[in-house]
Structures are given as structure tokens and as C-alpha cells.
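**Q** Provided below: start-v8.tsv, containing TSV, C-alpha atoms.
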chain	number	residue	atom	x	y	z
A	18	MET	CA	-11.15	21.26	-10.88
A	19	SER	CA	-12.02	19.86	-14.25
A	20	ASP	CA	-13.34	16.38	-14.84
A	21	GLU	CA	-10.10	15.54	-16.58
A	22	ASP	CA	-8.06	16.55	-13.50
A	23	LEU	CA	-10.25	14.43	-11.25
A	24	ILE	CA	-9.97	11.42	-13.55
A	25	ARG	CA	-6.19	11.85	-13.81
A	26	PHE	CA	-5.88	12.15	-10.01
A	27	THR	CA	-8.12	9.12	-9.42
A	28	GLU	CA	-6.06	6.99	-11.80
A	29	ALA	CA	-2.78	8.15	-10.24
A	30	ALA	CA	-4.09	7.55	-6.71
A	31	HIS	CA	-5.17	4.02	-7.56
A	32	HIS	CA	-1.67	3.22	-8.85
A	33	ASP	CA	0.20	5.03	-6.07
A	34	LEU	CA	2.78	2.96	-4.21
A	35	ALA	CA	1.80	4.55	-0.87
A	36	ARG	CA	-1.73	3.18	-1.26
A	37	LEU	CA	-0.36	-0.31	-1.88
A	38	LEU	CA	2.03	-0.02	1.08
A	39	MET	CA	-0.79	1.04	3.41
A	40	ALA	CA	-3.04	-1.76	2.19
A	41	ALA	CA	-0.23	-4.30	2.65
A	42	SER	CA	0.53	-3.01	6.14
A	43	ARG	CA	-3.12	-3.16	7.13
A	44	ALA	CA	-3.49	-6.68	5.71
A	45	VAL	CA	-0.45	-8.19	7.43
A	46	ASN	CA	-1.29	-6.48	10.73
A	47	ASP	CA	-4.90	-7.66	10.57
A	48	GLN	CA	-3.72	-11.21	9.79
A	49	ALA	CA	-1.34	-11.15	12.75
A	50	LEU	CA	-3.96	-9.89	15.17
A	51	ALA	CA	-6.49	-12.43	13.87
A	52	ALA	CA	-3.97	-15.23	14.45
A	53	LEU	CA	-3.19	-13.99	17.96
A	54	ASP	CA	-6.79	-13.28	18.94
A	55	PRO	CA	-9.07	-15.41	16.73
A	56	GLN	CA	-12.19	-14.70	18.80
A	57	GLY	CA	-11.43	-10.99	19.02
A	58	THR	CA	-11.84	-11.00	22.79
A	59	SER	CA	-8.45	-9.63	23.90
A	60	GLY	CA	-9.48	-6.00	23.55
A	61	ILE	CA	-6.32	-5.37	21.51
A	62	ARG	CA	-6.96	-3.58	18.21
A	63	PRO	CA	-4.48	-2.71	15.45
A	64	ALA	CA	-4.19	0.85	16.83
A	65	HIS	CA	-2.93	-0.55	20.15
A	66	VAL	CA	-0.04	-2.59	18.77
A	67	PRO	CA	2.38	0.31	18.07
A	68	LEU	CA	1.83	1.58	21.62
A	69	ILE	CA	2.53	-1.84	23.13
A	70	ALA	CA	5.71	-2.08	21.03
A	71	GLU	CA	6.99	1.18	22.58
A	72	LEU	CA	6.62	0.08	26.21
A	73	GLU	CA	9.72	-0.52	28.30
A	74	PRO	CA	9.94	-3.24	30.98
A	75	GLY	CA	9.97	-0.77	33.90
A	76	GLY	CA	7.13	1.26	32.46
A	77	THR	CA	6.92	4.19	30.09
A	78	ARG	CA	5.52	7.66	30.68
A	79	LEU	CA	2.46	8.73	28.71
A	80	VAL	CA	4.28	11.78	27.38
A	81	THR	CA	7.16	9.60	26.18
A	82	LEU	CA	4.75	7.30	24.37
A	83	ALA	CA	3.08	10.30	22.72
A	84	GLY	CA	6.44	11.53	21.45
A	85	ARG	CA	7.52	8.14	20.15
A	86	LEU	CA	4.20	7.53	18.40
A	87	GLY	CA	3.86	11.07	17.08
A	88	ILE	CA	0.38	11.52	18.52
A	89	THR	CA	-1.11	13.66	21.28
A	90	ARG	CA	-1.02	12.75	24.95
A	91	GLN	CA	-4.82	12.66	24.84
A	92	ALA	CA	-4.74	10.06	22.04
A	93	VAL	CA	-2.20	7.99	23.97
A	94	ALA	CA	-4.33	8.24	27.12
A	95	ALA	CA	-7.34	6.94	25.18
A	96	LEU	CA	-5.36	3.98	23.83
A	97	VAL	CA	-3.94	3.22	27.28
A	98	ARG	CA	-7.42	3.43	28.79
A	99	ASP	CA	-8.60	0.83	26.26
A	100	LEU	CA	-5.68	-1.45	27.09
A	101	THR	CA	-6.13	-0.95	30.83
A	102	ASP	CA	-9.83	-1.79	30.52
A	103	ALA	CA	-8.76	-4.96	28.67
A	104	SER	CA	-6.28	-5.80	31.48
A	105	VAL	CA	-3.34	-5.55	29.06
A	106	THR	CA	-1.69	-2.57	30.76
A	107	THR	CA	-1.75	-0.90	34.12
A	108	VAL	CA	-1.06	2.74	34.95
A	109	THR	CA	0.76	3.82	38.09
A	110	ASN	CA	2.34	7.01	39.38
A	111	ASP	CA	5.99	7.43	38.44
A	112	PRO	CA	7.96	7.12	41.71
A	113	SER	CA	10.52	9.62	40.40
A	114	ASP	CA	7.83	12.23	39.57
A	115	GLY	CA	4.43	11.94	41.21
A	116	ARG	CA	2.85	14.10	38.47
A	117	ALA	CA	3.79	11.59	35.75
A	118	GLN	CA	2.22	8.23	35.10
A	119	LEU	CA	3.89	5.02	33.98
A	120	VAL	CA	2.26	2.50	31.68
A	121	ARG	CA	3.28	-1.12	32.25
A	122	LEU	CA	2.22	-4.44	30.83
A	123	THR	CA	0.17	-6.80	32.96
A	124	ASP	CA	0.72	-10.56	32.86
A	125	ARG	CA	-1.91	-10.66	30.14
A	126	GLY	CA	0.00	-8.02	28.17
A	127	GLU	CA	3.26	-9.90	28.59
A	128	ASP	CA	1.57	-13.06	27.32
A	129	PHE	CA	0.35	-11.16	24.26
A	130	CYS	CA	3.91	-9.91	23.58
A	131	ARG	CA	5.33	-13.42	23.92
A	132	ARG	CA	2.79	-14.86	21.48
A	133	ALA	CA	3.18	-11.91	19.11
A	134	ALA	CA	6.97	-12.31	19.02
A	135	ASP	CA	6.56	-16.03	18.27
A	136	PHE	CA	4.11	-15.20	15.48
A	137	LEU	CA	6.33	-12.50	13.95
A	138	GLU	CA	9.39	-14.76	13.99
A	139	GLN	CA	7.40	-17.58	12.37
A	140	ARG	CA	6.00	-15.19	9.75
A	141	GLU	CA	9.51	-13.96	8.95
A	142	ARG	CA	10.64	-17.57	8.39
A	143	GLN	CA	7.59	-18.18	6.18
A	144	TRP	CA	8.26	-15.06	4.11
A	145	ARG	CA	11.92	-16.08	3.71
A	146	ARG	CA	10.79	-19.45	2.34
A	147	GLU	CA	8.11	-17.89	0.13
A	148	PHE	CA	9.94	-14.83	-1.21
A	149	GLY	CA	13.61	-15.50	-0.43
A	150	ALA	CA	15.95	-13.79	1.99
A	151	ASP	CA	17.37	-11.49	-0.71
A	152	ALA	CA	13.90	-10.24	-1.68
A	153	LEU	CA	13.08	-9.39	1.95
A	154	THR	CA	16.40	-7.58	2.32
A	155	ASP	CA	15.65	-5.59	-0.84
A	156	VAL	CA	12.13	-4.70	0.32
A	157	ARG	CA	13.47	-3.53	3.69
A	158	ALA	CA	16.11	-1.40	1.96
A	159	VAL	CA	13.55	0.21	-0.35
A	160	LEU	CA	11.15	0.90	2.51
A	161	ALA	CA	13.96	2.31	4.68
A	162	GLY	CA	14.89	4.58	1.79
A	163	LEU	CA	11.32	5.77	1.43
A	164	ILE	CA	11.17	6.78	5.08
A	165	GLY	CA	14.67	8.24	5.09
A	166	SER	CA	16.12	5.68	7.45
A	167	GLU	CA	19.08	3.38	7.21
A	168	GLY	CA	16.73	0.54	8.15
A	169	THR	CA	19.03	-0.35	11.01
A	170	GLU	CA	17.03	1.14	13.87
A	171	GLN	CA	17.52	-1.07	16.87
A	172	PRO	CA	14.84	-1.73	19.45
A	173	ARG	CA	14.96	0.44	22.55
A	174	ILE	CA	15.28	-2.66	24.70
A	175	ALA	CA	18.43	-4.63	24.02
A	176	ARG	CA	18.86	-8.23	25.03
A	177	SER	CA	21.31	-8.72	27.84
Can the structure in the file be given as C-alpha cells, please?
**A**
Amino acid sequence: MSDEDLIRFTEAAHHDLARLLMAASRAVNDQALAALDPQGTSGIRPAHVPLIAELEPGGTRLVTLAGRLGITRQAVAALVRDLTDASVTTVTNDPSDGRAQLVRLTDRGEDFCRRAADFLEQRERQWRREFGADALTDVRAVLAGLIGSEGTEQPRIARS
């Protein structure tokens, strides 16, 4: 690779939209976790949040979590171990298949979810005031287009 190619790549990489999107995602997630756990004592790290968001009320199998998150079962097991050590989740045998394990939230985990939902709803209202509802709709549409989604994915758990 020539020096010119490296310089051209470096300049392009620094202006790449994906880099900005990742930095924005990291920043807003870090801000949310800092607001929810200002002392950093919950044991919940940014890597844990997507796993928690995939849990179902009756429990979710490790293999199911791995598939939803697009990571290995070993990686999921490590994240669950962290959360179990922090008393956020518990792991039990699946009564329908003794070989499988179910991951469930503890009371502490449920409290985190309640506070996180409150925070996310408040942040959405703040962003609507700051940027406008149309701007947020446009950003969601662009991001959904970038990932090849309609942007209408519904949560797995519907309100009754």
C-alpha cells in the first residue's frame, strides 16, 4: 500500500457515516447507563443491555438469545454469568427440556428495566423537543434504510 492510499483511506474513514453512527450509539448508550447507574455499581455494562432487551417474561433460552444477538452461545453464557453475578438475572433449567437453560430477570433486573424504560421515554420526549418529531422520523427512516429494515419491527413482547 502506498502512502497516498493510506492517507486517502484515513481521510475517508474519518468522514465515514458508519463511524459517526457508532460514536453516536456509544455516546447515547453510555449516557443512558450513566444516568441509570451513576455510581457504576449495578454490574450492568453496555454489552449487557442488548441481552436484557431480548429477554421474555417467562425466560429465554441461551441458544435463543445467541441467535437473536448474532453471537455465540459461549459469548451469551459469559454475559449471562456477569448478569447473574450482579443479581440481575437468574438461570434455571427449562421445564420443557431439562438440557436447556432459561434466563430470567430477578427483581433487581426488573427494576433496571422499569427505570430504563422511564429514561428512554423521557429521552425520546427531550429529543422531540430539541430536534422535532419530523427530524426523528426522518433519522429513523434513514437508519432503517441503511440496515435494510422497514423500521417497523415490533417488540417480541406485546402489551396486553
**Q** Go through A:Ile61, A:Leu163, A:Ala52, A:Leu38 and flag the residue nearest Gln139 of chain A, using all atoms listed in the file for the distances.
**A**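 When distances to Gln139 of chain A are compared using all atoms listed in the file, the smallest one comes from A:Ala52.
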**Q** If I take atom CA of Ala92 of chain A and atom CA of Pro67 of chain A, how far is one from the other in Å, to one decimal?
**A**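 Atom CA of Pro67 of chain A lies 12.7 Å from atom CA of Ala92 of chain A.
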**Q** Measuring between only C-alpha atoms, which one of A:Pro55, A:Thr106, A:Glu138, A:Pro63 shows the shortest distance to Ser42 of chain A?
**A**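 Answer, going by the shortest atom-to-atom distance: A:Pro63.
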**Q** To one decimal place in Å, what is the distance between atom CA of Thr89 of chain A and atom CA of Leu160 of chain A?
**A**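 Value for the atom CA of Thr89 of chain A-atom CA of Leu160 of chain A distance: 25.8 Å.
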**Q** I'd like to know which of A:Phe129, A:Ala117, A:Asn46, A:Gly60 is closest to Ala103 of chain A, using all atoms listed in the file.
**A**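 The shortest atom-to-atom distance to Ala103 of chain A comes from A:Gly60.
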**Q** When you draw a straight line from atom CA of Leu153 of chain A to atom CA of Arg140 of chain A, how long is it in Å?
**A**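 Interatomic distance, atom CA of Leu153 of chain A to atom CA of Arg140 of chain A: 12.0 Å.
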**Q** Nearest residue to Leu96 of chain A out of A:Glu21, A:Val66, A:Asp111, A:Gln118, using only C-alpha atoms?
**A**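 Ranked by minimum distance to Leu96 of chain A, first place goes to A:Val66.
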**Q** List as a VMD selection string the protein and nucleic acid residues near His65 of chain A, meaning an atom at most 12 Å away when all atoms listed in the file are counted, but skip any in the same chain fewer than 6 places from it.
**A** chain A and resid 46 50 59 71 to 72 82 86 92 to 101 103 105 to 106 126 129
**Q** Taking (0.5, -4.2, 33.1) in the file's own coordinates, collect the residues within 10 Å, counting all atoms listed in the file, and hand them back as JSON, numbers by chain.
**A** {"A": [74, 76, 100, 101, 104, 105, 106, 107, 108, 109, 119, 120, 121, 122, 123, 124, 125, 126, 127]}
**Q** Hey, which of A:Gln48, A:Leu53, A:Ala150, A:Glu28 ends up closest to Ala134 of chain A? Count all atoms listed in the file.
**A**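 Of all the options, A:Leu53 lies closest to Ala134 of chain A.
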**Q** Which of these residues is nearest to Asp114 of chain A, using all atoms listed in the file: A:His31, A:Arg78, A:Ile24, A:Arg85?
**A**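 Between A:His31, A:Arg78, A:Ile24, A:Arg85, the residue approaching Asp114 of chain A most closely is A:Arg78.
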**Q** Centre and edge lengths of an axis-aligned box around all listed atoms of segment 64-83 of chain A, with 8 Å added on each side, are to be given in Å to one decimal, as JSON.
**A**
{"center_x": 2.9, "center_y": 4.3, "center_z": 25.4, "size_x": 30.2, "size_y": 31.0, "size_z": 33.1}
**Q** What would segment 55-87 of chain A look like with N, CA and C atoms in place, written as a CSV table (one decimal), keeping the file's coordinate frame?
**A**
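Output saved as selection19.csv:
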chain,number,residue,atom,x,y,z
A,55,PRO,N,-8.1,-15.0,17.7
A,55,PRO,CA,-9.1,-15.4,16.7
A,55,PRO,C,-10.5,-15.1,17.1
A,56,GLN,N,-10.8,-15.0,18.4
A,56,GLN,CA,-12.2,-14.7,18.8
A,56,GLN,C,-12.4,-13.2,19.0
A,57,GLY,N,-11.3,-12.4,18.9
A,57,GLY,CA,-11.4,-11.0,19.0
A,57,GLY,C,-11.8,-10.5,20.4
A,58,THR,N,-11.4,-11.3,21.4
A,58,THR,CA,-11.8,-11.0,22.8
A,58,THR,C,-10.8,-10.4,23.6
A,59,SER,N,-9.6,-10.2,23.1
A,59,SER,CA,-8.4,-9.6,23.9
A,59,SER,C,-8.6,-8.1,24.2
A,60,GLY,N,-9.4,-7.5,23.4
A,60,GLY,CA,-9.5,-6.0,23.6
A,60,GLY,C,-8.4,-5.3,22.8
A,61,ILE,N,-7.4,-6.0,22.2
A,61,ILE,CA,-6.3,-5.4,21.5
A,61,ILE,C,-6.7,-5.2,20.1
A,62,ARG,N,-6.6,-3.9,19.6
A,62,ARG,CA,-7.0,-3.6,18.2
A,62,ARG,C,-5.7,-3.2,17.5
A,63,PRO,N,-5.7,-3.1,16.2
A,63,PRO,CA,-4.5,-2.7,15.4
A,63,PRO,C,-3.9,-1.4,15.9
A,64,ALA,N,-4.7,-0.4,16.3
A,64,ALA,CA,-4.2,0.8,16.8
A,64,ALA,C,-3.4,0.7,18.1
A,65,HIS,N,-3.6,-0.4,18.9
A,65,HIS,CA,-2.9,-0.6,20.2
A,65,HIS,C,-1.5,-1.1,20.0
A,66,VAL,N,-1.3,-1.8,18.9
A,66,VAL,CA,0.0,-2.6,18.8
A,66,VAL,C,1.2,-1.7,18.8
A,67,PRO,N,1.2,-0.5,18.0
A,67,PRO,CA,2.4,0.3,18.1
A,67,PRO,C,2.7,0.8,19.5
A,68,LEU,N,1.6,1.1,20.3
A,68,LEU,CA,1.8,1.6,21.6
A,68,LEU,C,2.5,0.5,22.5
A,69,ILE,N,2.0,-0.7,22.4
A,69,ILE,CA,2.5,-1.8,23.1
A,69,ILE,C,4.0,-2.0,22.8
A,70,ALA,N,4.3,-1.9,21.5
A,70,ALA,CA,5.7,-2.1,21.0
A,70,ALA,C,6.7,-1.0,21.6
A,71,GLU,N,6.1,0.1,22.0
A,71,GLU,CA,7.0,1.2,22.6
A,71,GLU,C,7.2,1.1,24.1
A,72,LEU,N,6.5,0.2,24.8
A,72,LEU,CA,6.6,0.1,26.2
A,72,LEU,C,8.0,-0.5,26.6
A,73,GLU,N,8.5,0.0,27.7
A,73,GLU,CA,9.7,-0.5,28.3
A,73,GLU,C,9.4,-1.4,29.5
A,74,PRO,N,10.2,-2.3,29.9
A,74,PRO,CA,9.9,-3.2,31.0
A,74,PRO,C,9.6,-2.5,32.3
A,75,GLY,N,10.3,-1.5,32.6
A,75,GLY,CA,10.0,-0.8,33.9
A,75,GLY,C,8.8,0.2,33.8
A,76,GLY,N,8.2,0.3,32.7
A,76,GLY,CA,7.1,1.3,32.5
A,76,GLY,C,7.6,2.5,31.6
A,77,THR,N,6.6,3.1,31.0
A,77,THR,CA,6.9,4.2,30.1
A,77,THR,C,5.9,5.3,30.4
A,78,ARG,N,6.4,6.5,30.4
A,78,ARG,CA,5.5,7.7,30.7
A,78,ARG,C,4.6,7.9,29.5
A,79,LEU,N,3.4,8.4,29.8
A,79,LEU,CA,2.5,8.7,28.7
A,79,LEU,C,3.1,9.7,27.7
A,80,VAL,N,3.7,10.8,28.2
A,80,VAL,CA,4.3,11.8,27.4
A,80,VAL,C,5.4,11.2,26.5
A,81,THR,N,6.1,10.3,27.0
A,81,THR,CA,7.2,9.6,26.2
A,81,THR,C,6.5,8.8,25.1
A,82,LEU,N,5.5,8.1,25.4
A,82,LEU,CA,4.8,7.3,24.4
A,82,LEU,C,4.2,8.2,23.3
A,83,ALA,N,3.6,9.3,23.7
A,83,ALA,CA,3.1,10.3,22.7
A,83,ALA,C,4.2,10.8,21.8
A,84,GLY,N,5.3,11.1,22.3
A,84,GLY,CA,6.4,11.5,21.4
A,84,GLY,C,6.9,10.5,20.5
A,85,ARG,N,7.1,9.2,21.0
A,85,ARG,CA,7.5,8.1,20.2
A,85,ARG,C,6.5,7.8,19.0
A,86,LEU,N,5.2,7.9,19.4
A,86,LEU,CA,4.2,7.5,18.4
A,86,LEU,C,3.8,8.7,17.5
A,87,GLY,N,4.2,9.9,17.9
A,87,GLY,CA,3.9,11.1,17.1
A,87,GLY,C,2.4,11.4,17.1
